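Chemist: Data: start05.cif, mmCIF, C-alpha atoms.
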data_target
#
loop_
_atom_site.group_PDB
_atom_site.id
_atom_site.type_symbol
_atom_site.label_atom_id
_atom_site.label_comp_id
_atom_site.auth_asym_id
_atom_site.auth_seq_id
_atom_site.Cartn_x
_atom_site.Cartn_y
_atom_site.Cartn_z
ATOM 1 C CA MET B 1 95.741 137.438 54.149
ATOM 2 C CA SER B 2 95.758 140.447 56.433
ATOM 3 C CA GLU B 3 92.117 140.124 57.491
ATOM 4 C CA ASP B 4 92.895 136.697 58.907
ATOM 5 C CA ARG B 5 95.568 137.788 61.409
ATOM 6 C CA GLN B 6 95.704 139.618 64.695
ATOM 7 C CA SER B 7 98.873 140.577 66.612
ATOM 8 C CA THR B 8 99.729 138.791 69.849
ATOM 9 C CA LEU B 9 102.681 139.396 72.201
ATOM 10 C CA LEU B 10 104.268 136.137 73.350
ATOM 11 C CA CYS B 11 106.103 135.540 76.616
ATOM 12 C CA PRO B 12 109.848 134.894 75.992
ATOM 13 C CA TYR B 13 109.888 132.371 78.857
ATOM 14 C CA CYS B 14 106.936 130.097 78.158
ATOM 15 C CA GLY B 15 105.640 131.258 74.769
ATOM 16 C CA GLU B 16 102.108 131.959 76.012
ATOM 17 C CA PRO B 17 100.199 135.186 75.130
ATOM 18 C CA THR B 18 100.860 138.032 77.601
ATOM 19 C CA VAL B 19 98.590 140.709 79.089
ATOM 20 C CA MET B 20 99.248 144.297 80.220
ATOM 21 C CA THR B 21 99.112 144.929 83.960
ATOM 22 C CA PRO B 22 96.554 147.503 85.143
ATOM 23 C CA SER B 23 99.165 149.582 87.055
ATOM 24 C CA SER B 24 101.883 149.826 84.425
ATOM 25 C CA SER B 25 102.731 149.288 80.815
ATOM 26 C CA VAL B 26 104.895 146.273 81.639
ATOM 27 C CA PRO B 27 103.669 143.071 79.945
ATOM 28 C CA TYR B 28 102.896 140.304 82.409
ATOM 29 C CA CYS B 29 102.585 136.596 81.678
ATOM 30 C CA THR B 30 99.684 135.042 83.573
ATOM 31 C CA HIS B 31 100.917 131.563 82.669
ATOM 32 C CA CYS B 32 104.401 131.627 84.240
ATOM 33 C CA GLN B 33 103.656 134.716 86.415
ATOM 34 C CA ARG B 34 106.612 136.840 85.310
ATOM 35 C CA TYR B 35 106.993 140.448 84.276
ATOM 36 C CA ILE B 36 108.762 140.907 80.960
ATOM 37 C CA TYR B 37 111.339 143.650 81.519
ATOM 38 C CA ALA B 38 113.888 144.848 79.006
ATOM 39 C CA ALA B 39 117.248 143.153 79.411
ATOM 40 C CA ALA B 40 119.296 146.191 78.351
ATOM 41 C CA GLY B 41 117.353 148.818 80.322
ATOM 42 C CA ASP B 42 115.957 150.501 77.210
ATOM 43 C CA GLY B 43 112.304 150.061 78.099
ATOM 44 C CA PRO B 44 109.881 147.842 79.962
ATOM 45 C CA LEU B 45 109.582 145.266 77.193
ATOM 46 C CA SER B 46 112.104 142.467 76.919
ATOM 47 C CA PRO B 47 113.864 142.308 73.556
ATOM 48 C CA TYR B 48 113.313 138.561 73.754
ATOM 49 C CA ALA B 49 109.554 138.946 73.674
ATOM 50 C CA GLN B 50 108.330 138.246 70.163
ATOM 51 C CA GLN B 51 105.530 139.741 68.160
ATOM 52 C CA ARG B 52 103.858 136.852 66.376
ATOM 53 C CA SER B 53 100.757 136.705 64.235
ATOM 54 C CA ARG B 54 97.991 134.516 65.582
ATOM 55 C CA LEU B 55 95.763 133.055 62.903
ATOM 56 C CA ARG B 56 92.087 133.785 63.149
ATOM 57 C CA SER B 57 89.915 130.747 62.706
ATOM 58 C CA GLY B 58 86.231 130.014 62.351
ATOM 59 C CA ILE B 59 83.697 130.646 59.633
ATOM 60 C CA GLY B 60 83.858 134.411 59.282
ATOM 61 C CA GLY B 61 85.357 137.096 57.059
ATOM 62 C CA TRP B 62 85.601 136.085 53.410
ATOM 63 C CA LEU B 63 84.964 132.468 54.408
ATOM 64 C CA LEU B 64 81.292 133.368 54.828
ATOM 65 C CA PHE B 65 80.865 133.398 51.037
ATOM 66 C CA PRO B 66 81.995 129.750 50.554
ATOM 67 C CA ALA B 67 79.848 128.841 53.581
ATOM 68 C CA VAL B 68 76.751 130.298 51.897
ATOM 69 C CA GLY B 69 77.751 128.527 48.678
ATOM 70 C CA ALA B 70 77.997 125.200 50.505
ATOM 71 C CA LEU B 71 74.414 125.688 51.696
ATOM 72 C CA VAL B 72 73.029 126.878 48.350
ATOM 73 C CA LEU B 73 74.699 124.426 45.948
ATOM 74 C CA PRO B 74 72.760 121.278 46.990
ATOM 75 C CA VAL B 75 69.500 123.199 46.604
ATOM 76 C CA ALA B 76 70.598 124.497 43.191
ATOM 77 C CA PHE B 77 71.529 121.018 41.949
ATOM 78 C CA LEU B 78 68.225 119.612 43.192
ATOM 79 C CA ALA B 79 66.383 122.398 41.336
ATOM 80 C CA VAL B 80 68.257 121.592 38.107
ATOM 81 C CA ILE B 81 67.362 117.911 38.432
ATOM 82 C CA THR B 82 63.652 118.539 39.009
ATOM 83 C CA THR B 83 63.502 121.147 36.243
ATOM 84 C CA SER B 84 65.177 118.845 33.719
ATOM 85 C CA ILE B 85 62.843 115.963 34.548
ATOM 86 C CA SER B 86 59.679 118.073 34.466
ATOM 87 C CA ALA B 87 60.723 119.724 31.187
ATOM 88 C CA ARG B 88 60.479 116.395 29.377
ATOM 89 C CA THR B 89 56.838 116.138 30.388
ATOM 90 C CA ASP B 90 55.865 119.789 29.976
ATOM 91 C CA HIS B 91 57.621 120.224 26.611
ATOM 92 C CA ALA B 92 57.456 116.728 25.139
ATOM 93 C CA TRP B 93 56.870 118.133 21.672
ATOM 94 C CA LEU B 94 60.133 120.087 21.825
ATOM 95 C CA PHE B 95 62.129 116.986 22.777
ATOM 96 C CA ALA B 96 60.445 114.997 20.010
ATOM 97 C CA GLU B 97 61.402 117.681 17.505
ATOM 98 C CA HIS B 98 65.025 117.970 18.744
ATOM 99 C CA PRO B 99 66.487 114.551 19.718
ATOM 100 C CA ASP B 100 69.805 116.181 20.662
ATOM 101 C CA LEU B 101 67.938 117.982 23.438
ATOM 102 C CA VAL B 102 67.113 114.631 25.049
ATOM 103 C CA THR B 103 70.805 113.730 25.229
ATOM 104 C CA LEU B 104 71.665 117.190 26.541
ATOM 105 C CA THR B 105 69.149 117.085 29.383
ATOM 106 C CA THR B 106 70.066 113.482 30.236
ATOM 107 C CA VAL B 107 73.722 114.422 30.675
ATOM 108 C CA GLU B 108 72.712 117.483 32.693
ATOM 109 C CA THR B 109 70.448 115.413 34.956
ATOM 110 C CA VAL B 110 72.965 112.631 35.579
ATOM 111 C CA GLY B 111 75.775 115.129 36.135
ATOM 112 C CA SER B 112 73.642 117.162 38.545
ATOM 113 C CA VAL B 113 72.781 114.033 40.541
ATOM 114 C CA LEU B 114 76.489 113.262 40.962
ATOM 115 C CA LEU B 115 77.230 116.872 41.874
ATOM 116 C CA LEU B 116 74.358 116.829 44.378
ATOM 117 C CA VAL B 117 75.932 113.879 46.196
ATOM 118 C CA LEU B 118 79.331 115.595 46.144
ATOM 119 C CA SER B 119 77.864 118.881 47.360
ATOM 120 C CA LEU B 120 76.213 117.132 50.329
ATOM 121 C CA ALA B 121 79.601 115.662 51.271
ATOM 122 C CA VAL B 122 81.164 119.133 50.975
ATOM 123 C CA LEU B 123 78.385 120.618 53.120
ATOM 124 C CA PHE B 124 78.953 118.098 55.899
ATOM 125 C CA LEU B 125 82.769 118.338 55.854
ATOM 126 C CA PHE B 126 82.713 122.138 55.586
ATOM 127 C CA PHE B 127 80.708 122.741 58.744
ATOM 128 C CA ALA B 128 82.540 119.904 60.499
ATOM 129 C CA ARG B 129 85.701 121.900 59.672
ATOM 130 C CA HIS B 130 87.361 118.828 58.234
ATOM 131 C CA ARG B 131 90.755 119.328 56.623
ATOM 132 C CA MET B 132 89.489 117.763 53.356
ATOM 133 C CA ALA B 133 86.663 120.301 52.959
ATOM 134 C CA PRO B 134 88.610 123.005 51.020
ATOM 135 C CA LYS B 135 90.060 120.482 48.548
ATOM 136 C CA LEU B 136 86.704 118.793 48.034
ATOM 137 C CA TYR B 137 85.048 122.202 47.581
ATOM 138 C CA ILE B 138 87.525 123.016 44.791
ATOM 139 C CA VAL B 139 86.848 119.596 43.192
ATOM 140 C CA LEU B 140 83.110 120.297 43.333
ATOM 141 C CA LEU B 141 83.408 123.679 41.596
ATOM 142 C CA ALA B 142 85.862 122.313 39.025
ATOM 143 C CA SER B 143 83.469 119.441 38.270
ATOM 144 C CA LEU B 144 80.601 121.897 37.886
ATOM 145 C CA THR B 145 82.687 123.943 35.448
ATOM 146 C CA MET B 146 83.553 120.855 33.385
ATOM 147 C CA LEU B 147 79.903 119.793 33.279
ATOM 148 C CA ARG B 148 78.840 123.240 32.087
ATOM 149 C CA PHE B 149 81.567 123.236 29.430
ATOM 150 C CA LEU B 150 80.534 119.747 28.262
ATOM 151 C CA LEU B 151 76.910 120.866 27.960
ATOM 152 C CA LEU B 152 78.049 123.908 25.983
ATOM 153 C CA LEU B 153 79.900 121.719 23.474
ATOM 154 C CA MET B 154 77.004 119.256 23.191
ATOM 155 C CA SER B 155 74.539 122.081 22.545
ATOM 156 C CA ILE B 156 76.335 123.482 19.472
ATOM 157 C CA PRO B 157 74.062 121.638 16.964
ATOM 158 C CA LEU B 158 71.038 123.227 18.663
ATOM 159 C CA TRP B 159 72.243 126.841 18.643
ATOM 160 C CA ALA B 160 70.623 127.686 15.314
ATOM 161 C CA GLN B 161 67.359 125.981 16.263
ATOM 162 C CA LEU B 162 66.847 127.154 19.850
ATOM 163 C CA GLU B 163 67.250 130.879 20.332
ATOM 164 C CA GLY B 164 69.028 131.970 23.485
ATOM 165 C CA LEU B 165 70.441 128.526 24.317
ATOM 166 C CA ALA B 166 74.027 129.447 23.412
ATOM 167 C CA HIS B 167 73.873 132.673 25.447
ATOM 168 C CA ASP B 168 72.558 130.880 28.533
ATOM 169 C CA LEU B 169 75.128 128.093 28.421
ATOM 170 C CA ILE B 170 78.060 130.437 27.745
ATOM 171 C CA THR B 171 76.951 132.569 30.706
ATOM 172 C CA ASN B 172 76.784 129.452 32.890
ATOM 173 C CA VAL B 173 80.314 128.440 31.895
ATOM 174 C CA MET B 174 81.704 131.905 32.629
ATOM 175 C CA LEU B 175 80.020 132.077 36.044
ATOM 176 C CA ALA B 176 81.229 128.580 36.949
ATOM 177 C CA CYS B 177 84.806 129.449 35.902
ATOM 178 C CA ALA B 178 84.744 132.673 37.930
ATOM 179 C CA ALA B 179 83.384 130.913 41.037
ATOM 180 C CA ALA B 180 85.874 128.040 40.769
ATOM 181 C CA GLY B 181 88.848 130.335 40.187
ATOM 182 C CA ALA B 182 88.024 132.764 42.991
ATOM 183 C CA SER B 183 87.260 130.004 45.490
ATOM 184 C CA ALA B 184 90.365 127.996 44.638
ATOM 185 C CA ALA B 185 92.581 131.077 45.015
ATOM 186 C CA TYR B 186 91.034 131.915 48.378
ATOM 187 C CA PHE B 187 91.206 128.366 49.758
ATOM 188 C CA VAL B 188 94.858 128.010 48.745
ATOM 189 C CA ARG B 189 96.061 131.395 50.054
ATOM 190 C CA SER B 190 93.861 132.095 53.081
ATOM 191 C CA ASP B 191 95.355 131.793 56.579
ATOM 192 C CA ARG B 192 91.851 131.587 58.035
ATOM 193 C CA VAL B 193 91.143 128.504 55.919
ATOM 194 C CA ARG B 194 94.330 126.815 57.164
ATOM 195 C CA ALA B 195 93.471 127.650 60.783
ATOM 196 C CA THR B 196 89.805 126.592 60.504
ATOM 197 C CA PHE B 197 89.838 123.270 58.673
ATOM 198 C CA VAL B 198 92.089 121.255 60.958
ATOM 199 C CA ARG B 199 90.014 118.263 62.090
#
Kindly transcribe the structure held in the file into C-alpha cells.
Modeler:
Amino acid sequence: MSEDRQSTLLCPYCGEPTVMTPSSSVPYCTHCQRYIYAAAGDGPLSPYAQQRSRLRSGIGGWLLFPAVGALVLPVAFLAVITTSISARTDHAWLFAEHPDLVTLTTVETVGSVLLLVLSLAVLFLFFARHRMAPKLYIVLLASLTMLRFLLLLMSIPLWAQLEGLAHDLITNVMLACAAAGASAAYFVRSDRVRATFVR
C-alpha cells in the first residue's frame, strides 16, 4: 500500500541509503564514503544507483485501527460475559418462560470466555510485534463471526417471542463480518504489516 512506503536512494557500491552533500546535488554514501557520479557524464547521479522502496514499520497509519481493536476486544468480551451472567439473575422470570434463552446465553458465555482468552493472546503478540499476530488476529475475528452466526441460528425459535432479538443479532453478524473482512484484507495486503510483525 502506498501509505506504507517511502523512497530511498541506495548506494550502487554498498547498498546503503545515501545522503545529499550540503555543497552540491551529488549523492554521497556515508557508509563507504564515495560520491555517486554518473558513469556516462549525463548528470551527477550514477545510473547504477537504484531507487528502492523502503517499507515503513511500526504501529501507525491504518494499523492504528487494529491496534485499538486489540485493546478493546478483551474488554468487550469481558462485558458480554458479565452481562450474560447477571441477566440470568436480573431476569430469571424471562429465562424460566423461554428455556431456549438459557441455551442461547450459555453458548454466548462459553464462546465469549474462549474468545477472551484468544483476544488476550492476540493483544500480547500484537504489541510484541510477533509474526503470528496478524494470523491470530484474523482467526479471532473469524471465530467471533462464527459465534455470532451460530447465535443467530439458535435464536430463530425466539424471534416471534422476543421483539428486537432478530434485529440485534443480525446487526451483530453484519458488523462482525465487516470487521473480519476488512481486517483480513488489510493484514494480507499491507506492507507495513509485513515490515512490523517480524519477531
Chemist: Excluding stretch 164-181 of chain B and residues on its chain fewer than 5 positions from it, collect all residues at most 8 Å away from it, counting all atoms listed in the file, and give them as an MDAnalysis selection string.
Modeler: chainID B and resid 138 141:142 144:145 148:149 151:152 155:156 158:159
Chemist: Can you work out the spacing between atom CA of B:Leu147 and atom CA of B:Leu63 in Å, to one decimal?
Modeler: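 Atom CA of B:Leu63 lies at a distance of 25.2 Å from atom CA of B:Leu147.
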Chemist: What is the atom CA of B:Gly69 to atom CA of B:Phe187 distance in Å?
Modeler: 13.5 Å
Chemist: Just say which residues the PyMOL selection byres ((chain B and resi 116-127) around 12) picks in this file, as a ChimeraX atom specification.
Modeler: /B:58-59,63-64,66-81,108-115,128-144,193,196-199
Chemist: Produce a file of the selected residues containing C-alpha atoms, as a JSON list (two decimals), in the frame of the given file.
Modeler:
[["chain", "number", "residue", "atom", "x", "y", "z"],
["B", 58, "GLY", "CA", 86.23, 130.01, 62.35],
["B", 59, "ILE", "CA", 83.70, 130.65, 59.63],
["B", 63, "LEU", "CA", 84.96, 132.47, 54.41],
["B", 64, "LEU", "CA", 81.29, 133.37, 54.83],
["B", 66, "PRO", "CA", 82.00, 129.75, 50.55],
["B", 67, "ALA", "CA", 79.85, 128.84, 53.58],
["B", 68, "VAL", "CA", 76.75, 130.30, 51.90],
["B", 69, "GLY", "CA", 77.75, 128.53, 48.68],
["B", 70, "ALA", "CA", 78.00, 125.20, 50.50],
["B", 71, "LEU", "CA", 74.41, 125.69, 51.70],
["B", 72, "VAL", "CA", 73.03, 126.88, 48.35],
["B", 73, "LEU", "CA", 74.70, 124.43, 45.95],
["B", 74, "PRO", "CA", 72.76, 121.28, 46.99],
["B", 75, "VAL", "CA", 69.50, 123.20, 46.60],
["B", 76, "ALA", "CA", 70.60, 124.50, 43.19],
["B", 77, "PHE", "CA", 71.53, 121.02, 41.95],
["B", 78, "LEU", "CA", 68.22, 119.61, 43.19],
["B", 79, "ALA", "CA", 66.38, 122.40, 41.34],
["B", 80, "VAL", "CA", 68.26, 121.59, 38.11],
["B", 81, "ILE", "CA", 67.36, 117.91, 38.43],
["B", 108, "GLU", "CA", 72.71, 117.48, 32.69],
["B", 109, "THR", "CA", 70.45, 115.41, 34.96],
["B", 110, "VAL", "CA", 72.96, 112.63, 35.58],
["B", 111, "GLY", "CA", 75.78, 115.13, 36.14],
["B", 112, "SER", "CA", 73.64, 117.16, 38.54],
["B", 113, "VAL", "CA", 72.78, 114.03, 40.54],
["B", 114, "LEU", "CA", 76.49, 113.26, 40.96],
["B", 115, "LEU", "CA", 77.23, 116.87, 41.87],
["B", 128, "ALA", "CA", 82.54, 119.90, 60.50],
["B", 129, "ARG", "CA", 85.70, 121.90, 59.67],
["B", 130, "HIS", "CA", 87.36, 118.83, 58.23],
["B", 131, "ARG", "CA", 90.76, 119.33, 56.62],
["B", 132, "MET", "CA", 89.49, 117.76, 53.36],
["B", 133, "ALA", "CA", 86.66, 120.30, 52.96],
["B", 134, "PRO", "CA", 88.61, 123.00, 51.02],
["B", 135, "LYS", "CA", 90.06, 120.48, 48.55],
["B", 136, "LEU", "CA", 86.70, 118.79, 48.03],
["B", 137, "TYR", "CA", 85.05, 122.20, 47.58],
["B", 138, "ILE", "CA", 87.52, 123.02, 44.79],
["B", 139, "VAL", "CA", 86.85, 119.60, 43.19],
["B", 140, "LEU", "CA", 83.11, 120.30, 43.33],
["B", 141, "LEU", "CA", 83.41, 123.68, 41.60],
["B", 142, "ALA", "CA", 85.86, 122.31, 39.02],
["B", 143, "SER", "CA", 83.47, 119.44, 38.27],
["B", 144, "LEU", "CA", 80.60, 121.90, 37.89],
["B", 193, "VAL", "CA", 91.14, 128.50, 55.92],
["B", 196, "THR", "CA", 89.80, 126.59, 60.50],
["B", 197, "PHE", "CA", 89.84, 123.27, 58.67],
["B", 198, "VAL", "CA", 92.09, 121.26, 60.96],
["B", 199, "ARG", "CA", 90.01, 118.26, 62.09]]
Chemist: Report, in Å to a single decimal, how far apart atom CA of B:Met154 and atom CA of B:Leu104 are.
Modeler: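 Computing the Euclidean distance for atom CA of B:Leu104 and atom CA of B:Met154 yields 6.6 Å.
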Chemist: Excluding stretch 91-97 of chain B and its own-chain neighbours fewer than 6 positions away, which residues fall within 12 Å of it when counting all atoms listed in the file? Please give them as an NGL selection string.
Modeler: :B and (83-85 or 103-106 or 158 or 161-162)
Chemist: Would you export the selected residues with C-alpha atoms as a CSV table (one decimal), keeping the file's coordinate frame, please?
Modeler:
chain,number,residue,atom,x,y,z
B,83,THR,CA,63.5,121.1,36.2
B,84,SER,CA,65.2,118.8,33.7
B,85,ILE,CA,62.8,116.0,34.5
B,103,THR,CA,70.8,113.7,25.2
B,104,LEU,CA,71.7,117.2,26.5
B,105,THR,CA,69.1,117.1,29.4
B,106,THR,CA,70.1,113.5,30.2
B,158,LEU,CA,71.0,123.2,18.7
B,161,GLN,CA,67.4,126.0,16.3
B,162,LEU,CA,66.8,127.2,19.8
